[in-house]
>>> print(open('model_39.cif').read())   # mmCIF, N, CA and C atoms
data_run
#
loop_
_atom_site.label_atom_id
_atom_site.label_comp_id
_atom_site.auth_asym_id
_atom_site.auth_seq_id
_atom_site.Cartn_x
_atom_site.Cartn_y
_atom_site.Cartn_z
N MET R 1 98.44 125.01 141.42
CA MET R 1 98.48 123.57 141.25
C MET R 1 99.58 123.02 142.17
N LYS R 2 99.26 122.00 142.86
CA LYS R 2 100.24 121.35 143.75
C LYS R 2 101.27 120.61 142.90
N VAL R 3 102.49 120.50 143.44
CA VAL R 3 103.59 119.89 142.69
C VAL R 3 103.25 118.48 142.20
N PRO R 4 102.73 117.59 143.04
CA PRO R 4 102.41 116.24 142.54
C PRO R 4 101.38 116.27 141.40
N ASP R 5 100.40 117.18 141.50
CA ASP R 5 99.40 117.30 140.44
C ASP R 5 100.03 117.79 139.15
N PHE R 6 100.96 118.75 139.27
CA PHE R 6 101.64 119.26 138.10
C PHE R 6 102.48 118.17 137.43
N ILE R 7 103.21 117.41 138.25
CA ILE R 7 104.05 116.33 137.71
C ILE R 7 103.19 115.32 136.96
N LYS R 8 102.08 114.95 137.55
CA LYS R 8 101.17 113.99 136.90
C LYS R 8 100.65 114.56 135.58
N TRP R 9 100.23 115.81 135.60
CA TRP R 9 99.72 116.45 134.40
C TRP R 9 100.82 116.53 133.34
N ALA R 10 102.03 116.95 133.75
CA ALA R 10 103.14 117.08 132.81
C ALA R 10 103.48 115.74 132.17
N GLU R 11 103.47 114.68 132.95
CA GLU R 11 103.76 113.35 132.40
C GLU R 11 102.71 112.94 131.38
N GLU R 12 101.44 113.26 131.65
CA GLU R 12 100.38 112.95 130.70
C GLU R 12 100.55 113.73 129.41
N VAL R 13 100.91 115.02 129.53
CA VAL R 13 101.13 115.85 128.35
C VAL R 13 102.32 115.32 127.55
N GLN R 14 103.40 114.98 128.23
CA GLN R 14 104.58 114.45 127.53
C GLN R 14 104.26 113.15 126.81
N SER R 15 103.42 112.33 127.41
CA SER R 15 103.02 111.08 126.75
C SER R 15 102.24 111.38 125.47
N ARG R 16 101.34 112.36 125.54
CA ARG R 16 100.57 112.75 124.34
C ARG R 16 101.49 113.35 123.29
N GLU R 17 102.47 114.15 123.73
CA GLU R 17 103.42 114.75 122.78
C GLU R 17 104.21 113.68 122.06
N ASN R 18 104.62 112.65 122.78
CA ASN R 18 105.36 111.55 122.15
C ASN R 18 104.51 110.85 121.10
N LYS R 19 103.23 110.66 121.40
CA LYS R 19 102.33 110.02 120.43
C LYS R 19 102.16 110.90 119.20
N ILE R 20 102.02 112.21 119.42
CA ILE R 20 101.90 113.15 118.30
C ILE R 20 103.16 113.10 117.45
N MET R 21 104.32 113.08 118.12
CA MET R 21 105.61 113.04 117.40
C MET R 21 105.67 111.80 116.52
N LEU R 22 105.22 110.67 117.03
CA LEU R 22 105.25 109.43 116.24
C LEU R 22 104.27 109.49 115.08
N LEU R 23 103.05 109.97 115.34
CA LEU R 23 102.03 110.01 114.30
C LEU R 23 102.37 111.00 113.20
N LYS R 24 102.77 112.20 113.58
CA LYS R 24 103.09 113.22 112.59
C LYS R 24 104.46 112.98 111.98
N GLY R 25 105.27 112.20 112.64
CA GLY R 25 106.63 111.95 112.18
C GLY R 25 106.69 111.33 110.80
N GLU R 26 105.75 110.45 110.51
CA GLU R 26 105.74 109.80 109.19
C GLU R 26 105.58 110.84 108.08
N GLU R 27 104.75 111.82 108.34
CA GLU R 27 104.49 112.88 107.36
C GLU R 27 105.76 113.71 107.11
N TYR R 28 106.51 113.95 108.16
CA TYR R 28 107.67 114.84 108.05
C TYR R 28 108.95 114.14 107.62
N THR R 29 108.98 112.83 107.64
CA THR R 29 110.18 112.13 107.20
C THR R 29 110.17 111.87 105.70
N VAL R 30 109.05 112.15 105.07
CA VAL R 30 108.90 111.94 103.63
C VAL R 30 109.29 110.50 103.28
N SER R 31 108.78 109.56 104.05
CA SER R 31 109.05 108.13 103.87
C SER R 31 110.54 107.81 103.88
N ASP R 32 111.29 108.48 104.72
CA ASP R 32 112.72 108.30 104.83
C ASP R 32 113.03 107.98 106.29
N GLU R 33 114.16 107.37 106.55
CA GLU R 33 114.55 107.06 107.93
C GLU R 33 115.07 108.27 108.68
N ASP R 34 115.45 109.31 107.96
CA ASP R 34 115.99 110.52 108.58
C ASP R 34 114.85 111.34 109.19
N LYS R 35 114.85 111.46 110.49
CA LYS R 35 113.81 112.19 111.21
C LYS R 35 113.69 113.63 110.72
N PHE R 36 114.77 114.20 110.22
CA PHE R 36 114.80 115.60 109.84
C PHE R 36 114.72 115.80 108.33
N LYS R 37 114.34 114.77 107.59
CA LYS R 37 114.33 114.80 106.12
C LYS R 37 113.52 115.98 105.59
N ASN R 38 112.35 116.21 106.11
CA ASN R 38 111.49 117.30 105.64
C ASN R 38 112.17 118.65 105.81
N PHE R 39 112.77 118.89 106.96
CA PHE R 39 113.44 120.16 107.23
C PHE R 39 114.65 120.34 106.30
N LYS R 40 115.40 119.26 106.11
CA LYS R 40 116.58 119.32 105.24
C LYS R 40 116.17 119.57 103.79
N SER R 41 115.12 118.91 103.35
CA SER R 41 114.65 119.06 101.98
C SER R 41 114.18 120.49 101.71
N ILE R 42 113.43 121.04 102.64
CA ILE R 42 112.95 122.42 102.47
C ILE R 42 114.12 123.39 102.53
N ALA R 43 115.06 123.14 103.43
CA ALA R 43 116.25 124.01 103.52
C ALA R 43 117.00 124.02 102.20
N GLU R 44 117.17 122.86 101.61
CA GLU R 44 117.88 122.75 100.33
C GLU R 44 117.13 123.48 99.23
N ARG R 45 115.82 123.29 99.18
CA ARG R 45 115.03 123.90 98.11
C ARG R 45 114.88 125.41 98.26
N THR R 46 115.05 125.92 99.48
CA THR R 46 114.89 127.36 99.70
C THR R 46 116.22 128.06 99.99
N ASP R 47 117.33 127.34 99.79
CA ASP R 47 118.66 127.89 100.05
C ASP R 47 118.74 128.47 101.47
N SER R 48 118.29 127.67 102.42
CA SER R 48 118.29 128.06 103.83
C SER R 48 119.04 127.01 104.63
N THR R 49 118.86 127.03 105.93
CA THR R 49 119.45 126.00 106.77
C THR R 49 118.35 125.17 107.41
N THR R 50 118.70 123.98 107.77
CA THR R 50 117.74 123.08 108.43
C THR R 50 117.24 123.71 109.72
N GLU R 51 118.14 124.35 110.47
CA GLU R 51 117.75 124.99 111.73
C GLU R 51 116.73 126.10 111.50
N LYS R 52 116.95 126.90 110.46
CA LYS R 52 116.02 128.00 110.19
C LYS R 52 114.64 127.48 109.80
N VAL R 53 114.61 126.41 109.03
CA VAL R 53 113.33 125.84 108.63
C VAL R 53 112.57 125.33 109.87
N ALA R 54 113.27 124.63 110.75
CA ALA R 54 112.63 124.15 111.98
C ALA R 54 112.15 125.31 112.84
N LEU R 55 112.94 126.38 112.88
CA LEU R 55 112.54 127.56 113.65
C LEU R 55 111.28 128.19 113.08
N ILE R 56 111.17 128.23 111.77
CA ILE R 56 109.97 128.79 111.14
C ILE R 56 108.74 127.98 111.53
N TYR R 57 108.86 126.66 111.48
CA TYR R 57 107.74 125.79 111.90
C TYR R 57 107.37 126.08 113.36
N LEU R 58 108.38 126.20 114.21
CA LEU R 58 108.15 126.50 115.62
C LEU R 58 107.47 127.85 115.80
N LEU R 59 107.97 128.86 115.09
CA LEU R 59 107.43 130.21 115.24
C LEU R 59 105.97 130.31 114.82
N LYS R 60 105.59 129.49 113.86
CA LYS R 60 104.18 129.45 113.44
C LYS R 60 103.29 129.11 114.63
N HIS R 61 103.71 128.13 115.41
CA HIS R 61 102.94 127.74 116.59
C HIS R 61 103.08 128.78 117.71
N MET R 62 104.26 129.35 117.84
CA MET R 62 104.47 130.37 118.87
C MET R 62 103.59 131.59 118.61
N ASP R 63 103.38 131.95 117.34
CA ASP R 63 102.49 133.06 117.04
C ASP R 63 101.07 132.77 117.48
N SER R 64 100.62 131.54 117.29
CA SER R 64 99.28 131.15 117.75
C SER R 64 99.19 131.21 119.27
N ILE R 65 100.23 130.74 119.94
CA ILE R 65 100.25 130.77 121.40
C ILE R 65 100.26 132.22 121.88
N ARG R 66 101.09 133.05 121.24
CA ARG R 66 101.15 134.47 121.60
C ARG R 66 99.78 135.11 121.44
N ASN R 67 99.12 134.84 120.33
CA ASN R 67 97.80 135.40 120.08
C ASN R 67 96.82 134.98 121.19
N TYR R 68 96.90 133.72 121.59
CA TYR R 68 96.02 133.24 122.66
C TYR R 68 96.30 133.98 123.97
N VAL R 69 97.57 134.14 124.31
CA VAL R 69 97.94 134.82 125.56
C VAL R 69 97.49 136.29 125.53
N LEU R 70 97.68 136.94 124.40
CA LEU R 70 97.33 138.36 124.30
C LEU R 70 95.83 138.62 124.22
N HIS R 71 95.10 137.71 123.56
CA HIS R 71 93.69 137.96 123.29
C HIS R 71 92.74 136.97 123.95
N GLY R 72 93.28 135.92 124.54
CA GLY R 72 92.44 134.98 125.29
C GLY R 72 91.52 134.12 124.45
N LYS R 73 91.83 133.99 123.17
CA LYS R 73 90.97 133.14 122.35
C LYS R 73 91.80 132.40 121.32
N GLU R 74 91.29 131.24 120.92
CA GLU R 74 91.95 130.42 119.92
C GLU R 74 91.54 130.93 118.55
N ALA R 75 92.52 131.17 117.71
CA ALA R 75 92.24 131.74 116.38
C ALA R 75 92.10 130.68 115.30
N SER R 76 92.19 129.41 115.69
CA SER R 76 92.03 128.34 114.70
C SER R 76 91.23 127.21 115.34
N ASP R 77 91.03 126.16 114.55
CA ASP R 77 90.27 125.03 115.06
C ASP R 77 91.09 124.13 115.99
N GLU R 78 92.43 124.34 116.04
CA GLU R 78 93.27 123.53 116.92
C GLU R 78 93.30 124.15 118.31
N PRO R 79 93.00 123.37 119.34
CA PRO R 79 93.03 123.90 120.71
C PRO R 79 94.42 124.38 121.09
N ILE R 80 94.47 125.35 122.01
CA ILE R 80 95.75 125.93 122.41
C ILE R 80 96.71 124.88 122.96
N MET R 81 96.22 123.90 123.68
CA MET R 81 97.11 122.86 124.20
C MET R 81 97.75 122.06 123.07
N GLY R 82 97.03 121.89 121.98
CA GLY R 82 97.60 121.22 120.81
C GLY R 82 98.74 122.04 120.23
N ARG R 83 98.57 123.35 120.19
CA ARG R 83 99.63 124.24 119.71
C ARG R 83 100.85 124.19 120.62
N ILE R 84 100.59 124.17 121.93
CA ILE R 84 101.69 124.10 122.90
C ILE R 84 102.44 122.79 122.76
N MET R 85 101.71 121.69 122.62
CA MET R 85 102.37 120.40 122.46
C MET R 85 103.17 120.35 121.15
N ASP R 86 102.60 120.90 120.08
CA ASP R 86 103.34 120.94 118.81
C ASP R 86 104.59 121.80 118.94
N ALA R 87 104.48 122.94 119.62
CA ALA R 87 105.64 123.81 119.81
C ALA R 87 106.73 123.10 120.59
N ARG R 88 106.35 122.38 121.62
CA ARG R 88 107.35 121.64 122.39
C ARG R 88 108.00 120.56 121.53
N ASN R 89 107.23 119.92 120.67
CA ASN R 89 107.81 118.91 119.77
C ASN R 89 108.75 119.57 118.77
N TYR R 90 108.38 120.75 118.27
CA TYR R 90 109.28 121.44 117.35
C TYR R 90 110.56 121.87 118.05
N LEU R 91 110.47 122.22 119.33
CA LEU R 91 111.69 122.52 120.09
C LEU R 91 112.57 121.28 120.18
N LEU R 92 111.96 120.13 120.40
CA LEU R 92 112.74 118.88 120.43
C LEU R 92 113.38 118.61 119.07
N LEU R 93 112.61 118.80 118.02
CA LEU R 93 113.15 118.58 116.68
C LEU R 93 114.30 119.55 116.39
N LEU R 94 114.11 120.82 116.74
CA LEU R 94 115.18 121.80 116.55
C LEU R 94 116.40 121.42 117.37
N GLY R 95 116.18 120.99 118.60
CA GLY R 95 117.29 120.53 119.43
C GLY R 95 118.00 119.35 118.80
N GLY R 96 117.25 118.42 118.24
CA GLY R 96 117.86 117.26 117.58
C GLY R 96 118.66 117.66 116.35
N ILE R 97 118.14 118.62 115.60
CA ILE R 97 118.85 119.11 114.42
C ILE R 97 120.16 119.77 114.83
N ILE R 98 120.09 120.59 115.87
CA ILE R 98 121.31 121.25 116.37
C ILE R 98 122.29 120.23 116.90
N TYR R 99 121.78 119.23 117.63
CA TYR R 99 122.64 118.17 118.16
C TYR R 99 123.31 117.40 117.02
N GLU R 100 122.51 117.03 116.02
CA GLU R 100 123.07 116.29 114.88
C GLU R 100 124.16 117.12 114.20
N GLY R 101 123.91 118.40 114.02
CA GLY R 101 124.90 119.27 113.40
C GLY R 101 126.17 119.38 114.22
N SER R 102 126.02 119.42 115.54
CA SER R 102 127.22 119.51 116.39
C SER R 102 128.01 118.21 116.34
N GLN R 103 127.33 117.09 116.20
CA GLN R 103 128.03 115.80 116.09
C GLN R 103 128.79 115.71 114.77
N VAL R 104 128.18 116.22 113.70
CA VAL R 104 128.84 116.22 112.41
C VAL R 104 130.07 117.14 112.47
N ARG R 105 129.89 118.32 113.05
CA ARG R 105 131.03 119.25 113.17
C ARG R 105 132.13 118.64 114.03
N LYS R 106 131.75 117.94 115.11
CA LYS R 106 132.75 117.32 115.99
C LYS R 106 133.54 116.26 115.21
N ARG R 107 132.83 115.44 114.42
CA ARG R 107 133.53 114.42 113.62
C ARG R 107 134.47 115.07 112.61
N MET R 108 134.03 116.18 112.02
CA MET R 108 134.90 116.88 111.07
C MET R 108 136.10 117.47 111.79
N ASP R 109 135.88 118.04 112.98
CA ASP R 109 137.00 118.58 113.75
C ASP R 109 137.98 117.48 114.11
N ASP R 110 137.43 116.33 114.55
CA ASP R 110 138.29 115.20 114.90
C ASP R 110 139.08 114.74 113.68
N PHE R 111 138.40 114.68 112.55
CA PHE R 111 139.06 114.26 111.31
C PHE R 111 140.18 115.25 110.95
N ASN R 112 139.87 116.53 111.09
CA ASN R 112 140.88 117.55 110.75
C ASN R 112 142.07 117.54 111.70
N LYS R 113 141.89 116.99 112.88
CA LYS R 113 142.99 116.92 113.85
C LYS R 113 143.93 115.75 113.55
N VAL R 114 143.41 114.82 112.74
CA VAL R 114 144.25 113.69 112.37
C VAL R 114 145.32 114.20 111.41
N VAL R 115 146.52 113.98 111.78
CA VAL R 115 147.63 114.49 110.98
C VAL R 115 148.46 113.32 110.49
N GLU R 116 148.71 113.35 109.19
CA GLU R 116 149.57 112.32 108.62
C GLU R 116 150.93 112.94 108.31
N VAL R 117 151.94 112.17 108.51
CA VAL R 117 153.26 112.64 108.14
C VAL R 117 153.59 112.04 106.78
N PHE R 118 153.78 112.90 105.82
CA PHE R 118 154.06 112.45 104.48
C PHE R 118 155.27 113.22 103.96
N ASP R 119 156.32 112.49 103.69
CA ASP R 119 157.55 113.08 103.13
C ASP R 119 158.06 114.22 104.00
N GLY R 120 157.96 114.03 105.30
CA GLY R 120 158.50 115.01 106.25
C GLY R 120 157.62 116.23 106.46
N GLU R 121 156.44 116.30 105.82
CA GLU R 121 155.56 117.45 106.00
C GLU R 121 154.29 117.01 106.71
N LEU R 122 153.72 117.94 107.45
CA LEU R 122 152.45 117.66 108.10
C LEU R 122 151.33 117.92 107.09
N VAL R 123 150.47 116.95 106.96
CA VAL R 123 149.36 117.08 106.04
C VAL R 123 148.08 116.91 106.84
N ARG R 124 147.16 117.81 106.68
CA ARG R 124 145.87 117.70 107.38
C ARG R 124 144.84 117.14 106.43
#
>>> encode(input="model_39.cif", output="C-alpha cells")
Amino acid sequence: MKVPDFIKWAEEVQSRENKIMLLKGEEYTVSDEDKFKNFKSIAERTDSTTEKVALIYLLKHMDSIRNYVLHGKEASDEPIMGRIMDARNYLLLLGGIIYEGSQVRKRMDDFNKVVEVFDGELVR
C-alpha cells in the first residue's frame, strides 16, 4: 500500500473508531460522567485494579485477533476489523486510565511535598 493510501485508510479507520467509542461509551459509563466508571466498578467488585480490568477487556479482543492471524478465519460474527478497532479503543481507554492514575499520583506527590511548619517541626 502506498503511503498516501495508507494515511487515507488510517484516517477513515480512526474516524470509525471515534464513532464506536462514542456509541459504546454510553454503555460503559453506566450513565455516569466518568469515562472509566465501568472499569472502576468492576475493579472494585472483583478486588482488582482498573488497569487490570481494562487489560482483560483488551486481551479478549487480542485473543480474537490472534486466532484470526494464526488460523485465517473469524471465529465470531464480528469482523476482524471490528475487533482491531475495538482493541485500539481499549488501548486508548487503558492509556487514559493510566494517565488519570498518574495525574492523581502526581497531585498526591505534590500535596505530600507541601510542608507546613508547626511549632518548629516539619509536618507533612
>>> residues_around(input="model_39.cif", residues="Asn89 in chain R", least_positions_apart="2", cutoff="9 Å", atoms="only C-alpha atoms", output="PyMOL selection string")
chain R and resi 17-18+20-21+58+84-87+91-94
>>> atom_distance(input="model_39.cif", atom1="atom N of Glu74 in chain R", atom2="CA of Val13 in chain R")
19.7 Å
>>> closest_residue(input="model_39.cif", among="R:Ala10, R:Leu59, R:Ser15, R:Thr50", to="Lys35 in chain R", atoms="only C-alpha atoms")
R:Thr50
>>> select_by_dssp(input="model_39.cif", residues="chain R", states="alpha helix (DSSP H)", output="PyMOL selection string")
chain R and resi 3-28+37-45+50-71+80-113
>>> atom_distance(input="model_39.cif", atom1="CA of Ser64 in chain R", atom2="CA of Gly82 in chain R")
10.5 Å
>>> atom_distance(input="model_39.cif", atom1="CA of Glu78 in chain R", atom2="CA of Glu27 in chain R")
18.2 Å
>>> residues_around(input="model_39.cif", residues="Ala75 in chain R", least_positions_apart="4", cutoff="12 Å", atoms="only C-alpha atoms", output="list in words")
His61, Asp63, Ser64, Ile65, Arg66, Asn67, Tyr68, Val69, Leu70, His71, Pro79, Ile80 and Arg83 of chain R
>>> decode(input="model_39.cif", residues="range 7-95 of chain R", atoms="C-alpha atoms", output="CSV table (one decimal), in the first residue's frame")
chain,number,residue,atom,x,y,z
R,7,ILE,CA,-2.8,7.6,5.6
R,8,LYS,CA,-6.2,7.9,4.0
R,9,TRP,CA,-7.3,4.5,5.1
R,10,ALA,CA,-5.9,5.0,8.6
R,11,GLU,CA,-7.8,8.3,9.0
R,12,GLU,CA,-11.0,6.6,7.9
R,13,VAL,CA,-10.4,3.8,10.4
R,14,GLN,CA,-9.7,6.3,13.2
R,15,SER,CA,-12.9,8.2,12.4
R,16,ARG,CA,-14.9,5.0,12.7
R,17,GLU,CA,-13.1,4.1,16.0
R,18,ASN,CA,-14.1,7.5,17.4
R,19,LYS,CA,-17.7,6.9,16.5
R,20,ILE,CA,-17.6,3.4,18.1
R,21,MET,CA,-16.0,5.0,21.2
R,22,LEU,CA,-18.9,7.5,21.4
R,23,LEU,CA,-21.6,4.9,20.8
R,24,LYS,CA,-20.3,2.2,23.1
R,25,GLY,CA,-19.2,4.8,25.6
R,26,GLU,CA,-22.7,5.3,27.0
R,27,GLU,CA,-22.8,1.6,27.8
R,28,TYR,CA,-19.5,1.6,29.6
R,29,THR,CA,-20.0,4.8,31.7
R,30,VAL,CA,-23.1,3.3,33.4
R,31,SER,CA,-24.9,6.6,32.9
R,32,ASP,CA,-22.1,8.4,34.7
R,33,GLU,CA,-19.8,11.2,33.5
R,34,ASP,CA,-16.7,9.2,34.4
R,35,LYS,CA,-15.4,7.6,31.2
R,36,PHE,CA,-13.9,4.8,33.2
R,37,LYS,CA,-16.8,4.1,35.5
R,38,ASN,CA,-17.4,0.6,34.2
R,39,PHE,CA,-13.8,-0.4,34.7
R,40,LYS,CA,-13.6,1.1,38.2
R,41,SER,CA,-16.9,-0.5,39.2
R,42,ILE,CA,-15.7,-4.0,38.1
R,43,ALA,CA,-12.3,-3.5,39.7
R,44,GLU,CA,-14.0,-2.6,43.0
R,45,ARG,CA,-16.4,-5.5,42.8
R,46,THR,CA,-13.6,-8.0,42.0
R,47,ASP,CA,-10.9,-6.6,44.3
R,48,SER,CA,-8.8,-5.8,41.3
R,49,THR,CA,-7.4,-2.7,39.7
R,50,THR,CA,-9.0,-0.5,37.0
R,51,GLU,CA,-5.9,-1.1,34.8
R,52,LYS,CA,-6.3,-4.9,35.1
R,53,VAL,CA,-9.9,-4.8,34.2
R,54,ALA,CA,-9.2,-2.7,31.1
R,55,LEU,CA,-6.4,-5.1,30.1
R,56,ILE,CA,-8.8,-8.1,30.4
R,57,TYR,CA,-11.2,-6.4,28.0
R,58,LEU,CA,-8.4,-5.6,25.6
R,59,LEU,CA,-7.0,-9.2,25.8
R,60,LYS,CA,-10.4,-10.6,24.9
R,61,HIS,CA,-10.1,-8.8,21.6
R,62,MET,CA,-6.4,-9.6,21.2
R,63,ASP,CA,-7.3,-13.3,21.5
R,64,SER,CA,-9.7,-13.0,18.6
R,65,ILE,CA,-7.1,-11.1,16.6
R,66,ARG,CA,-4.5,-13.7,17.4
R,67,ASN,CA,-6.9,-16.5,16.4
R,68,TYR,CA,-7.5,-14.8,13.1
R,69,VAL,CA,-3.8,-14.3,12.4
R,70,LEU,CA,-3.0,-18.0,13.3
R,71,HIS,CA,-6.0,-19.6,11.5
R,72,GLY,CA,-7.1,-17.1,8.9
R,73,LYS,CA,-10.7,-17.1,9.9
R,74,GLU,CA,-13.1,-15.1,12.1
R,75,ALA,CA,-14.3,-17.1,15.0
R,76,SER,CA,-17.3,-14.9,15.7
R,77,ASP,CA,-19.9,-12.8,13.9
R,78,GLU,CA,-17.8,-9.6,14.4
R,79,PRO,CA,-15.5,-8.9,11.5
R,80,ILE,CA,-11.8,-8.9,12.3
R,81,MET,CA,-11.5,-5.1,11.6
R,82,GLY,CA,-14.2,-4.6,14.2
R,83,ARG,CA,-12.1,-6.5,16.7
R,84,ILE,CA,-9.0,-4.5,15.7
R,85,MET,CA,-10.9,-1.2,16.1
R,86,ASP,CA,-12.2,-2.3,19.5
R,87,ALA,CA,-8.7,-3.3,20.6
R,88,ARG,CA,-7.3,0.1,19.6
R,89,ASN,CA,-10.1,1.8,21.5
R,90,TYR,CA,-9.4,-0.4,24.6
R,91,LEU,CA,-5.7,0.6,24.3
R,92,LEU,CA,-6.9,4.3,24.4
R,93,LEU,CA,-9.1,3.6,27.4
R,94,LEU,CA,-6.2,1.8,29.2
R,95,GLY,CA,-3.9,4.7,28.3
